[in-house]
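S.K.: The structure is given below, and queries will be raised subsequently.
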Protein chains: 2
Amino acid sequence: MEVPTLYDYYRSSCSWRIRTTLNWKEINYETIPVNLLKDEQKTTEYKAINPFQVVPTLKIDGVTLTQSIAILEYLEETRPGKPLLPKDPIKRALVRSLMQAIVSDTQPITNLRVLKYVEEARRDEWPNHWMTYSFHLIEAQLAATAGEYCIGDEVTFADVCLVPQVFNANRVKVDMTKFPIIQRIYNKCLELKEFNMAYPYRQIDCPDELKEK
Amino acid sequence: MEVPTLYDYYRSSCSWRIRTTLNWKEINYETIPVNLLKDEQKTTEYKAINPFQVVPTLKIDGVTLTQSIAILEYLEETRPGKPLLPKDPIKRALVRSLMQAIVSDTQPITNLRVLKYVEEARRDEWPNHWMTYSFHLIEAQLAATAGEYCIGDEVTFADVCLVPQVFNANRVKVDMTKFPIIQRIYNKCLELKEFNMAYPYRQIDCPDELKEK
């Protein structure tokens, strides 16, 4: 059986979702770094692997999978052990709703591609504004659903998606004191080795000056 | 059994995804219009229903569901007849990948909320730029996966998500001659009553001057 390959970038929040899930599911994988700052996702070679020109891409089971949410769902369907989605359809809908509030309504508006297209004077303010905006909504939702984690007391894909978004928020100086539930869940998740090993500053392509052991 | 209720806005592409799917699954539903231009999604009453302050919201089976993708997955899991996801996990991943290329990488960057925050002089150019950008990527992916529809010859959630995005693209004057596969699939889907009945200009909250019979 071939070892799965993750096309990855240490600071990509979408890639971090996959790293956490592969760790959670105890799937060994190899990393091929794709440096987004050098536009390596736009090379002819990479475009042939991922027409969307983004990370992550996962090669697994003889196929090449793109888009982080599609990959997460695939891993859950094919590796149902240590589930990251509840069994009950209503609870699954709750998890997926929170996932989408992050992966659709928050992350894409503030990613590097979009930020480069915002006029320069607003590039600090723009991501702070949108993450703060979304975190207010997510905090309100978590007030109704959170236990130890986002949805009750089990780790789910909602947590897998939330943690990298909080990391992004810290980078753009979002005032996290406004979001005590999000902050608490973030801290709690990072105590888990599956999240912690997936932390950007522990990845092989992280510059030495940022690297954590 | 209570009739499901859709909190809807005729021109919302996220709502259209749900309308098509409810039609496809032959689920009768009632509509409660939420006028986004009047910020009706921000009322205290609506926030209690949907903390994310967006449409759609679907009340069904005694629960209130939010975020269109979570709702689509719920409908597929609880009403598996007339499937909109293939059975094979790899094909499911292909469908979900294309869905996310639309619902995460395209729609959120160009929605009303974001557009209002873009400086006024760029409000025509911004959505055209991002939809054109995404459609190039999606067209490249469809070249590999499309048959009669986005993924092979069966209607899937990828089509359900693509059609409203093309409608949005037309509104902001994207040059669709560059995207023959997308255009062909759009035309073909709109021949189907499930998509056609869900068309914005056939909805009850559509202004009279736009309404189509």
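By convention in this document, the chains of the structure tokens carry letters A, B, ... by their order, each chain's residues are numbered from 1, and ligands are numbered from 1 in the order they are shown.
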Quick one: residues within 7 Å of stretch 38-52 of chain B, only C-alpha atoms, excluding same-chain residues fewer than 2 positions away - as a list in words?
M.R.: Leu137, Ala140 and Gln141 of chain A; Val34, Asn35, Leu36, Val54, Thr57 and Thr66 of chain B
S.K.: Print the selection's residues with N, CA, C and O atoms to a file, as a PDB file, in the first residue's frame.
M.R.:
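As a result, result_28.pdb now contains:
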```
ATOM      1  N   LEU A 137     -20.454  35.731  14.999  1.00  0.00           N
ATOM      2  CA  LEU A 137     -21.539  34.820  14.617  1.00  0.00           C
ATOM      3  C   LEU A 137     -21.268  33.402  15.137  1.00  0.00           C
ATOM      4  O   LEU A 137     -22.170  32.736  15.662  1.00  0.00           O
ATOM      5  N   ALA A 140     -21.767  33.106  18.858  1.00  0.00           N
ATOM      6  CA  ALA A 140     -23.210  33.018  19.172  1.00  0.00           C
ATOM      7  C   ALA A 140     -23.732  31.606  18.949  1.00  0.00           C
ATOM      8  O   ALA A 140     -24.518  31.079  19.747  1.00  0.00           O
ATOM      9  N   GLN A 141     -23.286  30.985  17.877  1.00  0.00           N
ATOM     10  CA  GLN A 141     -23.711  29.611  17.597  1.00  0.00           C
ATOM     11  C   GLN A 141     -23.136  28.649  18.638  1.00  0.00           C
ATOM     12  O   GLN A 141     -23.839  27.770  19.149  1.00  0.00           O
TER      13      GLN A 141
ATOM     14  N   VAL B  34     -36.988  36.390   3.097  1.00  0.00           N
ATOM     15  CA  VAL B  34     -36.151  37.243   3.947  1.00  0.00           C
ATOM     16  C   VAL B  34     -35.446  38.210   2.993  1.00  0.00           C
ATOM     17  O   VAL B  34     -34.592  37.797   2.204  1.00  0.00           O
ATOM     18  N   ASN B  35     -35.814  39.467   3.059  1.00  0.00           N
ATOM     19  CA  ASN B  35     -35.284  40.435   2.093  1.00  0.00           C
ATOM     20  C   ASN B  35     -33.908  40.940   2.530  1.00  0.00           C
ATOM     21  O   ASN B  35     -33.784  41.751   3.449  1.00  0.00           O
ATOM     22  N   LEU B  36     -32.894  40.451   1.847  1.00  0.00           N
ATOM     23  CA  LEU B  36     -31.514  40.809   2.225  1.00  0.00           C
ATOM     24  C   LEU B  36     -31.225  42.287   1.959  1.00  0.00           C
ATOM     25  O   LEU B  36     -30.397  42.890   2.643  1.00  0.00           O
ATOM     26  N   VAL B  54     -27.821  34.717   7.739  1.00  0.00           N
ATOM     27  CA  VAL B  54     -27.829  34.538   6.289  1.00  0.00           C
ATOM     28  C   VAL B  54     -29.014  33.658   5.901  1.00  0.00           C
ATOM     29  O   VAL B  54     -29.612  32.994   6.752  1.00  0.00           O
ATOM     30  N   THR B  57     -32.315  29.194   5.659  1.00  0.00           N
ATOM     31  CA  THR B  57     -32.539  28.378   6.851  1.00  0.00           C
ATOM     32  C   THR B  57     -33.659  27.417   6.487  1.00  0.00           C
ATOM     33  O   THR B  57     -34.609  27.823   5.824  1.00  0.00           O
ATOM     34  N   THR B  66     -29.084  25.253   9.280  1.00  0.00           N
ATOM     35  CA  THR B  66     -28.453  26.413   8.657  1.00  0.00           C
ATOM     36  C   THR B  66     -27.288  25.979   7.778  1.00  0.00           C
ATOM     37  O   THR B  66     -26.804  24.856   7.899  1.00  0.00           O
TER      38      THR B  66
END
```
S.K.: Leaving out B:Glu119 and any residue of its chain fewer than 6 positions from it, which residues lie within 12 Å of it when counting only C-alpha atoms, given as a list in words?
M.R.: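 The residues satisfying every condition are Val118, Glu119, Ala121, Arg122 and Trp126 of chain A; Glu125 and Trp126 of chain B.
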S.K.: Could you please determine the separation between atom CA of A:Gln67 and atom CA of A:Leu6 in Å, to one decimal place?
M.R.: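 Rounded to one decimal, the two atoms are 12.0 Å apart.
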S.K.: Please report as CSV every residue of chain B lying within 8 Å of chain A, along with the nearest atom pair and their distance in Å (one decimal), using only C-alpha atoms.
M.R.:
```
residue,atom,partner,partner_atom,distance
B:Pro51,CA,A:Gln141,CA,5.9
B:Phe52,CA,A:Leu137,CA,5.3
B:Gln53,CA,A:Leu137,CA,7.9
B:Val63,CA,A:Ile90,CA,7.8
B:Leu65,CA,A:Ala93,CA,7.0
B:Thr66,CA,A:Ser97,CA,6.0
B:Gln67,CA,A:Ser97,CA,5.1
B:Ser68,CA,A:Ser97,CA,7.9
B:Ile69,CA,A:Gln100,CA,7.3
B:Ala70,CA,A:Arg96,CA,5.0
B:Ile71,CA,A:Ala93,CA,6.6
B:Glu73,CA,A:Ala93,CA,7.4
B:Tyr74,CA,A:Ala93,CA,6.0
B:Glu77,CA,A:Pro89,CA,6.9
B:Thr78,CA,A:Pro89,CA,7.3
B:Pro89,CA,A:Tyr74,CA,6.2
B:Ile90,CA,A:Tyr74,CA,7.3
B:Arg92,CA,A:Tyr74,CA,7.7
B:Ala93,CA,A:Ala70,CA,5.0
B:Leu94,CA,A:Ala70,CA,7.4
B:Arg96,CA,A:Ala70,CA,5.0
B:Ser97,CA,A:Ala70,CA,5.1
B:Gln100,CA,A:Gln67,CA,6.6
B:Ala101,CA,A:Gln67,CA,7.2
B:Val103,CA,A:Ser104,CA,6.4
B:Ser104,CA,A:Ser104,CA,4.1
B:Asp105,CA,A:Pro108,CA,5.9
B:Pro108,CA,A:Asp105,CA,5.9
B:Ile109,CA,A:Ile109,CA,5.2
B:Leu137,CA,A:Phe52,CA,5.3
B:Ile138,CA,A:Phe52,CA,7.2
B:Ala140,CA,A:Pro51,CA,6.3
B:Gln141,CA,A:Pro51,CA,5.9
```
S.K.: May I have the selected residues written with C-alpha atoms, as a PDB file, in the first residue's frame?
M.R.:
```pdb
ATOM      1  CA  PRO B  51     -27.219  32.963  14.257  1.00  0.00           C
ATOM      2  CA  PHE B  52     -25.189  33.307  11.053  1.00  0.00           C
ATOM      3  CA  GLN B  53     -27.661  35.936   9.786  1.00  0.00           C
ATOM      4  CA  VAL B  63     -35.269  21.081  13.694  1.00  0.00           C
ATOM      5  CA  LEU B  65     -30.904  23.772   9.862  1.00  0.00           C
ATOM      6  CA  THR B  66     -28.453  26.413   8.657  1.00  0.00           C
ATOM      7  CA  GLN B  67     -25.745  26.698   5.989  1.00  0.00           C
ATOM      8  CA  SER B  68     -26.711  25.438   2.558  1.00  0.00           C
ATOM      9  CA  ILE B  69     -24.122  22.659   2.269  1.00  0.00           C
ATOM     10  CA  ALA B  70     -25.047  21.227   5.662  1.00  0.00           C
ATOM     11  CA  ILE B  71     -28.685  21.276   4.564  1.00  0.00           C
ATOM     12  CA  GLU B  73     -25.983  16.784   2.992  1.00  0.00           C
ATOM     13  CA  TYR B  74     -28.803  16.390   5.541  1.00  0.00           C
ATOM     14  CA  GLU B  77     -28.762  11.464   4.235  1.00  0.00           C
ATOM     15  CA  THR B  78     -32.387  11.512   5.325  1.00  0.00           C
ATOM     16  CA  PRO B  89     -16.530   7.576  -2.237  1.00  0.00           C
ATOM     17  CA  ILE B  90     -14.102   8.727  -4.932  1.00  0.00           C
ATOM     18  CA  ARG B  92     -18.491  11.673  -4.012  1.00  0.00           C
ATOM     19  CA  ALA B  93     -15.179  13.422  -3.362  1.00  0.00           C
ATOM     20  CA  LEU B  94     -15.161  14.713  -6.948  1.00  0.00           C
ATOM     21  CA  ARG B  96     -17.864  17.691  -3.196  1.00  0.00           C
ATOM     22  CA  SER B  97     -14.632  19.153  -4.521  1.00  0.00           C
ATOM     23  CA  GLN B 100     -16.542  23.635  -2.605  1.00  0.00           C
ATOM     24  CA  ALA B 101     -14.788  25.312  -5.525  1.00  0.00           C
ATOM     25  CA  VAL B 103     -19.513  27.511  -2.470  1.00  0.00           C
ATOM     26  CA  SER B 104     -16.218  28.282  -0.709  1.00  0.00           C
ATOM     27  CA  ASP B 105     -13.817  29.635  -3.313  1.00  0.00           C
ATOM     28  CA  PRO B 108     -18.496  34.078  -0.505  1.00  0.00           C
ATOM     29  CA  ILE B 109     -15.942  36.466  -2.009  1.00  0.00           C
ATOM     30  CA  LEU B 137     -10.431  26.843 -12.787  1.00  0.00           C
ATOM     31  CA  ILE B 138     -13.817  25.140 -12.779  1.00  0.00           C
ATOM     32  CA  ALA B 140     -10.449  23.169 -16.432  1.00  0.00           C
ATOM     33  CA  GLN B 141     -11.770  20.696 -13.878  1.00  0.00           C
TER      34      GLN B 141
END
```
S.K.: To one decimal place, how far is atom CA of A:Ala158 from atom CA of A:Phe179 in Å?
M.R.: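 One can read the atom CA of A:Ala158 to atom CA of A:Phe179 distance as 16.1 Å.
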S.K.: Do you know which residues are at most 12 Å from A:Gln183 counting only C-alpha atoms, after dropping those on the same chain fewer than 3 positions away, and could you put them as a ChimeraX atom specification?
M.R.: /A:135,138-139,142,148-150,159,162-167,169-170,174-180,186-190
S.K.: Where does DSSP see alpha helix (DSSP H) in stretch 21-202 of chain B, if you list the residues as a PyMOL selection string?
M.R.: chain B and resi 21-24+44-49+68-78+89-103+112-117+125-145+157-171+180-190+193-196
S.K.: Suppose you want the space between atom CA of A:Val55 and atom CA of A:Glu209; what is it in Å?
M.R.: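 Interatomic distance here is 23.1 Å.
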S.K.: So which residues of chain A fall under strand (DSSP E or B) by DSSP, listed as a ChimeraX atom specification?
M.R.: /A:5-8,30-33,57-60,63-66,146,152
S.K.: Give me a file of those residues, with all heavy atoms, as a tab-separated table (two decimals), in the first residue's frame.
M.R.:
```
chain	number	residue	atom	x	y	z
A	5	THR	N	0.17	10.98	0.04
A	5	THR	CA	1.00	12.17	-0.10
A	5	THR	C	0.14	13.41	0.03
A	5	THR	O	-0.87	13.56	-0.67
A	5	THR	CB	1.67	12.20	-1.50
A	5	THR	OG1	2.38	10.99	-1.68
A	5	THR	CG2	2.62	13.38	-1.61
A	6	LEU	N	0.54	14.31	0.91
A	6	LEU	CA	-0.17	15.58	1.08
A	6	LEU	C	0.64	16.72	0.50
A	6	LEU	O	1.77	16.97	0.93
A	6	LEU	CB	-0.44	15.83	2.57
A	6	LEU	CG	-1.15	17.14	2.91
A	6	LEU	CD1	-2.58	17.15	2.35
A	6	LEU	CD2	-1.17	17.37	4.42
A	7	TYR	N	0.08	17.38	-0.49
A	7	TYR	CA	0.65	18.64	-0.98
A	7	TYR	C	0.19	19.72	-0.02
A	7	TYR	O	-1.02	19.99	0.10
A	7	TYR	CB	0.19	18.92	-2.41
A	7	TYR	CG	0.74	17.92	-3.40
A	7	TYR	CD1	0.16	16.67	-3.53
A	7	TYR	CD2	1.85	18.22	-4.18
A	7	TYR	CE1	0.69	15.73	-4.42
A	7	TYR	CE2	2.38	17.29	-5.08
A	7	TYR	CZ	1.79	16.05	-5.19
A	7	TYR	OH	2.31	15.13	-6.07
A	8	ASP	N	1.13	20.36	0.60
A	8	ASP	CA	0.88	21.07	1.85
A	8	ASP	C	1.62	22.40	1.86
A	8	ASP	O	2.62	22.59	1.16
A	8	ASP	CB	1.43	20.15	2.97
A	8	ASP	CG	1.04	20.58	4.36
A	8	ASP	OD1	0.13	21.41	4.52
A	8	ASP	OD2	1.67	20.07	5.30
A	30	GLU	N	3.15	11.31	3.67
A	30	GLU	CA	4.33	12.09	3.31
A	30	GLU	C	3.89	13.47	2.86
A	30	GLU	O	2.79	13.64	2.34
A	30	GLU	CB	5.09	11.40	2.17
A	30	GLU	CG	5.89	10.22	2.68
A	30	GLU	CD	6.49	9.37	1.57
A	30	GLU	OE1	6.32	9.74	0.38
A	30	GLU	OE2	7.10	8.35	1.90
A	31	THR	N	4.77	14.44	3.08
A	31	THR	CA	4.44	15.83	2.74
A	31	THR	C	5.26	16.29	1.54
A	31	THR	O	6.46	16.04	1.48
A	31	THR	CB	4.78	16.74	3.93
A	31	THR	OG1	3.98	16.34	5.04
A	31	THR	CG2	4.52	18.19	3.60
A	32	ILE	N	4.59	16.93	0.60
A	32	ILE	CA	5.32	17.67	-0.44
A	32	ILE	C	4.95	19.15	-0.27
A	32	ILE	O	3.81	19.53	-0.51
A	32	ILE	CB	4.95	17.18	-1.86
A	32	ILE	CG1	5.35	15.71	-2.02
A	32	ILE	CG2	5.61	18.06	-2.93
A	32	ILE	CD1	5.10	15.16	-3.41
A	33	PRO	N	5.88	19.97	0.20
A	33	PRO	CA	5.55	21.38	0.42
A	33	PRO	C	5.32	22.13	-0.91
A	33	PRO	O	6.01	21.87	-1.90
A	33	PRO	CB	6.80	21.93	1.12
A	33	PRO	CG	7.55	20.74	1.61
A	33	PRO	CD	7.26	19.65	0.64
A	57	THR	N	-3.75	19.16	-1.63
A	57	THR	CA	-4.13	18.05	-2.51
A	57	THR	C	-3.70	16.79	-1.77
A	57	THR	O	-2.62	16.79	-1.17
A	57	THR	CB	-3.39	18.12	-3.86
A	57	THR	OG1	-3.64	19.38	-4.48
A	57	THR	CG2	-3.83	16.99	-4.78
A	58	LEU	N	-4.51	15.77	-1.81
A	58	LEU	CA	-4.12	14.51	-1.16
A	58	LEU	C	-4.15	13.38	-2.17
A	58	LEU	O	-5.18	13.13	-2.81
A	58	LEU	CB	-5.07	14.18	0.01
A	58	LEU	CG	-4.69	12.93	0.82
A	58	LEU	CD1	-3.40	13.12	1.60
A	58	LEU	CD2	-5.84	12.54	1.78
A	59	LYS	N	-3.01	12.72	-2.33
A	59	LYS	CA	-2.98	11.47	-3.12
A	59	LYS	C	-3.14	10.31	-2.16
A	59	LYS	O	-2.32	10.14	-1.25
A	59	LYS	CB	-1.65	11.36	-3.87
A	59	LYS	CG	-1.54	12.32	-5.04
A	59	LYS	CD	-0.38	11.95	-5.95
A	59	LYS	CE	-0.33	12.89	-7.16
A	59	LYS	NZ	0.81	12.61	-8.05
A	60	ILE	N	-4.17	9.54	-2.37
A	60	ILE	CA	-4.48	8.44	-1.46
A	60	ILE	C	-5.33	7.41	-2.21
A	60	ILE	O	-6.11	7.79	-3.09
A	60	ILE	CB	-5.23	8.97	-0.20
A	60	ILE	CG1	-5.36	7.91	0.90
A	60	ILE	CG2	-6.60	9.55	-0.56
A	60	ILE	CD1	-5.82	8.47	2.25
A	63	VAL	N	-5.86	7.67	-5.97
A	63	VAL	CA	-6.50	8.83	-6.61
A	63	VAL	C	-5.96	10.14	-6.02
A	63	VAL	O	-5.31	10.15	-4.98
A	63	VAL	CB	-8.05	8.81	-6.46
A	63	VAL	CG1	-8.64	7.70	-7.31
A	63	VAL	CG2	-8.47	8.71	-5.02
A	64	THR	N	-6.26	11.22	-6.71
A	64	THR	CA	-5.83	12.54	-6.30
A	64	THR	C	-7.06	13.34	-5.91
A	64	THR	O	-7.94	13.55	-6.73
A	64	THR	CB	-5.10	13.24	-7.46
A	64	THR	OG1	-3.98	12.41	-7.84
A	64	THR	CG2	-4.60	14.61	-7.06
A	65	LEU	N	-7.11	13.76	-4.65
A	65	LEU	CA	-8.29	14.46	-4.15
A	65	LEU	C	-7.97	15.93	-3.89
A	65	LEU	O	-6.89	16.26	-3.40
A	65	LEU	CB	-8.79	13.81	-2.86
A	65	LEU	CG	-9.12	12.33	-2.92
A	65	LEU	CD1	-9.59	11.83	-1.55
A	65	LEU	CD2	-10.18	12.03	-3.97
A	66	THR	N	-8.94	16.78	-4.20
A	66	THR	CA	-8.75	18.22	-4.01
A	66	THR	C	-9.88	18.79	-3.15
A	66	THR	O	-10.92	18.15	-2.98
A	66	THR	CB	-8.78	18.96	-5.37
A	66	THR	OG1	-10.01	18.66	-6.05
A	66	THR	CG2	-7.61	18.53	-6.25
A	146	ALA	N	-21.84	24.27	22.09
A	146	ALA	CA	-20.54	23.80	22.60
A	146	ALA	C	-20.67	23.06	23.92
A	146	ALA	O	-21.50	23.41	24.77
A	146	ALA	CB	-19.58	24.97	22.75
A	152	GLY	N	-20.91	19.69	21.45
A	152	GLY	CA	-20.88	18.72	22.54
A	152	GLY	C	-19.47	18.42	23.02
A	152	GLY	O	-18.56	19.27	22.92
```
S.K.: I want to know what sits within 12 Å of B:Leu210, based on only C-alpha atoms, with residues of the same chain fewer than 2 positions away left out; could you give that as a PyMOL selection string?
M.R.: chain B and resi 10-11+199-208+212-213
